[in-house]
Every structure is written in C-alpha cells, then in structure tokens.
Amino acid sequence: MSKTLYERIGGEPAVSAAVEIFYRKVLNDYRINRFFDNVDMDKQIDKQKAFFTMAFGGPNNYTGADMRKAHAHLVEIGLDDSHFDAVMEHLGATLVELEVPDTLIAEAAAIAESARKDVLGK
Amino acid sequence: MYKLTIGEKTYYCQPGESVLDTFLRENVNISFACKKGTCHSCIVRSPNILPPESAQVGLKNTLKKLNHFLACLCHPEQNMVIKLPDQSEFYTEGTVVVNQLLNRNTLLLIIAFKDAFEFNAGQFVNLQRPDGLTRSYSIANIPQASNTLEFHIRRLPDGRFSEWLHDEIKTGDTIAVSEARGHCFYLPERKEQGLVLAGTGTGLAPLAGILTDALGHGHSGPIYLFHGSREVDDLYWVDEMRILAEQHQNFYYIPCLSGEHVPEGFTPGRVNEVALATLTDLKDWRVFLCGHPEMVNQMKKMTFLKGASMKDIYADAFLITAT
C-alpha cells in the first residue's frame with residue numbers, strides 16, 4: 001500500500017510544527033482574525049491540528065455535516081469565499097516555509113479545497 | 001487481556017481494542033470525538049503507572065508527567081487503574097497553622113498535613129467548608145518536609161468562601177483539601193530556556209511556587225516575573241521578590257501598577273502591556289500566566305504571536321464563582 005500524504009509529510013510532529021506557523025499567520029491576518037476572537041487557544045490549536053491532519057489525508061473522521069455545523073455561526077457573521085481563500089493562502093505559505101515539496105502542497109491544497117462548500121454552508 | 005479499573009468497576013480490554021473502545025463498548029460515560037488522538041476530548045489519567053508513550057503523543061509535558069493520556073490511542077500493556085476527568089475527589093483534612101494578612105485584602109493561609117501531600121508547585125486544590133461549599137485555590141509553596149500548603153486568599157466583595165476564611169477560620173481549625181490538580185507547573189528540563197511569569201493579584205501564588213521551584217532546580221535561563229495590580233497596597237511580597245532578584249542574577253522582578261499613583265520602583269501600566277513591551281521575542285520561551293481571565297487570554301494569544309510555542313504556554317485563569 002502506498003503511503004498517505006500524511007505519512008509522507010512526516011505524521012504528527014509535522015502537523016504540530018505546521019499548525020503553529022499557520023495559526024500565527026491566521027491570527028496576524030486582519031482579513032480573518034476576527035473569526036478567531038473569543039476562542040480558547042488550546043482548543044483552537046487542537047482544531048487546527050485536526051484541519052491539517054485532514055488536509056494531509058491523515059486519520060480524521062470529519063464529515064461534511066460536521067464542517068457545516070462547526071462553521072454555521074461564522075457564516076452567519078459573514079464568512080465567505082474571500083476568507084476561505086485567505087486560509088488557503090496561509091496553508092500554502094506554511095507548507096512552503098516548511099519546505100514541503102510542491103507536489104505534496106498541491107495535494108494538500110486539493111484536499112482542503114474539497115471542504116469549501118461545507119465550510120461556507122453552500 | 002488487561003483489566004481496566006475505574007473506581008469500583010472493572011472492565012476487560014479485548015485484544016486490539018483501545019481503552020476508549022473498551023469504555024464505549026461497556027457504556028462508560030466518557031467524552032470523545034475524533035478517536036484519532038487529535039481532538040484530546042478523551043483525555044484520562046493513570047494515577048499509578050506510566051501509560052504507553054504512544055498514548056501521550058501531542059500532550060503538554062506537564063500533562064505527560066501527571067500520567068495523562070488519550071484513551072483512544074492507548075493499547076494497554078498491563079492492568080490499569082484509570083481516572084476520568086470528572087471523577088469525584090478524595091479530600092484530606094489539614095490543620096490551619098498560619099493565618100495572617102499579606103496586605104489589606106489578602107490572607108496568607110498555611111495548612112499542615114500529617115502525611116506528605118503530593119503536588120507540583122503551581123498546581124491548585126479545592127478547599128471545602130463543612131457545609132460543602134468548595135472553591136479552588138492555587139498552592140504558593142513548593143513540596144517540603146513540613147508537609148504544608150500555602151495559599152493567598154483575596155477577600156472578594158460578598159465572597160462567601162473568602163469571607164469565611166478571612167473572618168472565621170482560626171489557627172488550629174481543620175479544613176478539607178482535595179488532591180492537587182492542574183498542569184500549570186515547572187518541569188526541570190531545558191534549564192537554559194527563558195521563563196516569563198505574569199500574574200495579577202493573588203495570581204502571584206502559583207507563580208511564586210513555580211519561581212521557587214525553578215530557582216531551586218538551578219534554572220539558568222532568564223526568569224521575568226511581572227506582578228500587577230491597580231494600587232500599590234494591593235501588591236504583596238514586593239520586598240521578598242526584590243531580595244530574590246538581588247540574590248539571583250537571572251531573575252528579574254517587575255511590579256506593575258495600572259492605577260494613577262505609581263511610586264518610584266514600580267512600572268506604570270497593565271501587567272500584560274508591560275510584559276509584552278519588555279520582551280519582544282519569545283521564541284523558545286516558556287510562559288506561565290495566572291490571574292484575571294481577560295489578561296490570561298490576551299497574554300496567551302500575544303505570547304504565542306511573539307513566538308512562544310503553544311505547548312510552552314501554561315495558563316491558569318481565575319474562576320470567579322457567582323455568590
């Protein structure tokens with residue numbers, strides 16, 4: 001069996017490293033950081049880890065319905081495609097910073113992209 | 001097949017099952033979500049034996065040290081006694097040996113125990129009044145031969161529990177104390193790391209314990225303690241901390257006052273603002289925060305943005321219980 005992207009990228013330690021870089025970028029981005037106000041940082045980091053694990057095709061059991069439910073309150077206050085794009089931008093930049101090969105970055109981006117409709121409640 | 005014991009009940013972990021699988025099969029009431037070690041919902045504790053390393057992946061070091069682990073990742077290698085997070089607590093009776101004021105509204109309470117009381121400096125316990133009313137207080141000292149625990153109790157307006165401790169409790173009285181809890185404490189590793197300790201009011205209690213512990217272990221990196229309140233009369237241990245700073249070249253003490261009147265020797269401003277202005281790059285630093293919830297949350301975010309890793313940020317926000 002061929003290795004999953006999650007394994008090729010480096011598993012849990014790689015995800016932890018990526019999440020810290022990514023989350024700093026997100027919190028520093030005035031376009032989207034308001035969606036992350038009033039959240040517990042520790043819980044948020046755990047969620048970002050789940051997101052990255054998913055983007056890398058690693059073990060997760062998030063369903064489209066979970067994604068919709070979890071983001072519904074953000075859609076209500078204006079979460080739209082521009083914000084999703086900004087998150088995708090930070091995902092890409094994070095992986096570039098970690099020197100993940102381009103082909104793997106493209107794979108991860110495609111998986112994350114597949115959650116767009118559910119996240120935005122479309 | 002290994003035995004898993006929760007309180008009085010015993011369950012059998014079938015080959016190939018994780019601890020979580022067994023509990024779910026047996027209808028044990030345990031919270032869980034991802035079942036893959038990501039969400040940390042199913043965190044539990046093994047008080048007596050070290051859990052398998054693979055079941056502790058991604059946990060904070062202090063949680064690892066207390067034998068916390070993720071039930072979903074744990075394939076037992078021996079019989080285990082397991083404590084669920086919300087399991088009822090065991091209380092020990094202690095005797096009040098000191099109660100004296102540290103400043104106009106803060107009481108130093110020292111409780112002595114017959115036997116050794118197990119804790120890490122910086123953890124908290126629940127104190128219980130005979131009628132069952134319970135409040136959490138941080139421990140201000142380090143484990144020592146005298147088997148005592150020190151607490152700093154601020155008198156809260158209409159605070160039923162703090163008023164009882166201030167006005168009614170006398171030396172010689174007994175009081176029920178829970179086991180120590182919380183993961184905001186010092187581990188003697190990476191001693192060259194910089195430490196930031198920031199607290200408001202009686203948030204100094206756990207920070208003082210952590211500081212004493214770190215200095216006692218010969219921590220060699222810089223240690224900054226920022227202690228804040230509105231007025232100078234609400235600070236305490238100012239002289240004690242200044243003396244410590246004279247004795248230890250790597251320890252810096254910065255008392256901060258957010259009110260209008262700021263005497264010489266004190267820094268004007270809120271503790272979070274002063275700390276963040278003083279230390280601009282916190283990459284590889286360890287951070288301990290205790291006190292007002294807003295201060296703690298804001299500092300958590302800001303110290304992370306300044307480079308501290310989330311796993312190196314330990315926080316303990318005050319819970320103010322409505323009376």
# chains A, B, ... in the order shown; residues from 1 in each chain; ligands from 1
>>> select_by_dssp(residues="stretch 43-207 of chain B", states="alpha helix (DSSP H)", output="PyMOL selection string")
chain B and resi 61-65+160-167+204-207
>>> residues_around(residues="stretch 193-201 of chain B", least_positions_apart="4", cutoff="7 Å", atoms="only C-alpha atoms", output="PyMOL selection string")
chain B and resi 207+221-229+235+271+284-292
>>> write_last_selection(atoms="C-alpha atoms", output="short mmCIF file (atom, residue, chain, number, x, y, z; two decimals), in the first residue's frame")
data_model
loop_
_atom_site.label_atom_id
_atom_site.label_comp_id
_atom_site.auth_asym_id
_atom_site.auth_seq_id
_atom_site.Cartn_x
_atom_site.Cartn_y
_atom_site.Cartn_z
CA LEU B 207 3.87 31.93 40.11
CA GLY B 221 17.85 30.98 31.68
CA PRO B 222 16.44 34.46 32.38
CA ILE B 223 13.31 34.49 34.57
CA TYR B 224 11.00 37.51 34.39
CA LEU B 225 8.21 37.95 36.93
CA PHE B 226 5.58 40.59 36.16
CA HIS B 227 3.14 41.09 39.02
CA GLY B 228 0.36 43.62 38.61
CA SER B 229 -2.48 45.29 40.42
CA LEU B 235 0.58 44.07 45.76
CA VAL B 271 0.93 43.65 33.55
CA ASP B 284 11.71 29.18 22.71
CA TRP B 285 10.47 30.81 25.93
CA ARG B 286 8.25 29.13 28.49
CA VAL B 287 5.29 31.18 29.67
CA PHE B 288 3.26 30.94 32.88
CA LEU B 289 0.12 33.07 33.25
CA CYS B 290 -2.21 33.37 36.18
CA GLY B 291 -4.92 35.78 37.21
CA HIS B 292 -7.69 37.76 35.58
#
>>> interface_residues(of="chain B", to="chain A", cutoff="6 Å", atoms="only C-alpha atoms", output="PyMOL selection string")
chain B and resi 38-39+305
>>> atom_distance(atom1="atom CA of B:Phe185", atom2="atom CA of B:Thr148")
17.8 Å
>>> residues_around(residues="B:Leu109", least_positions_apart="6", cutoff="7 Å", atoms="only C-alpha atoms", output="ChimeraX atom specification")
/B:98-100,150-152
>>> write_last_selection(atoms="C-alpha atoms", output="PDB file, in the first residue's frame")
ATOM      1  CA  VAL B  98      -0.820  30.282  59.966  1.00  0.00           C
ATOM      2  CA  ASN B  99      -3.413  32.876  59.018  1.00  0.00           C
ATOM      3  CA  GLN B 100      -2.117  36.419  58.678  1.00  0.00           C
ATOM      4  CA  GLU B 150       0.391  27.841  51.490  1.00  0.00           C
ATOM      5  CA  PHE B 151      -2.442  29.833  49.954  1.00  0.00           C
ATOM      6  CA  HIS B 152      -3.064  33.504  49.219  1.00  0.00           C
TER       7      HIS B 152
END
>>> atom_distance(atom1="atom CA of B:Cys34", atom2="atom CA of B:Leu20")
11.2 Å
>>> atom_distance(atom1="atom CA of B:Asp213", atom2="atom CA of B:Leu101")
23.9 Å
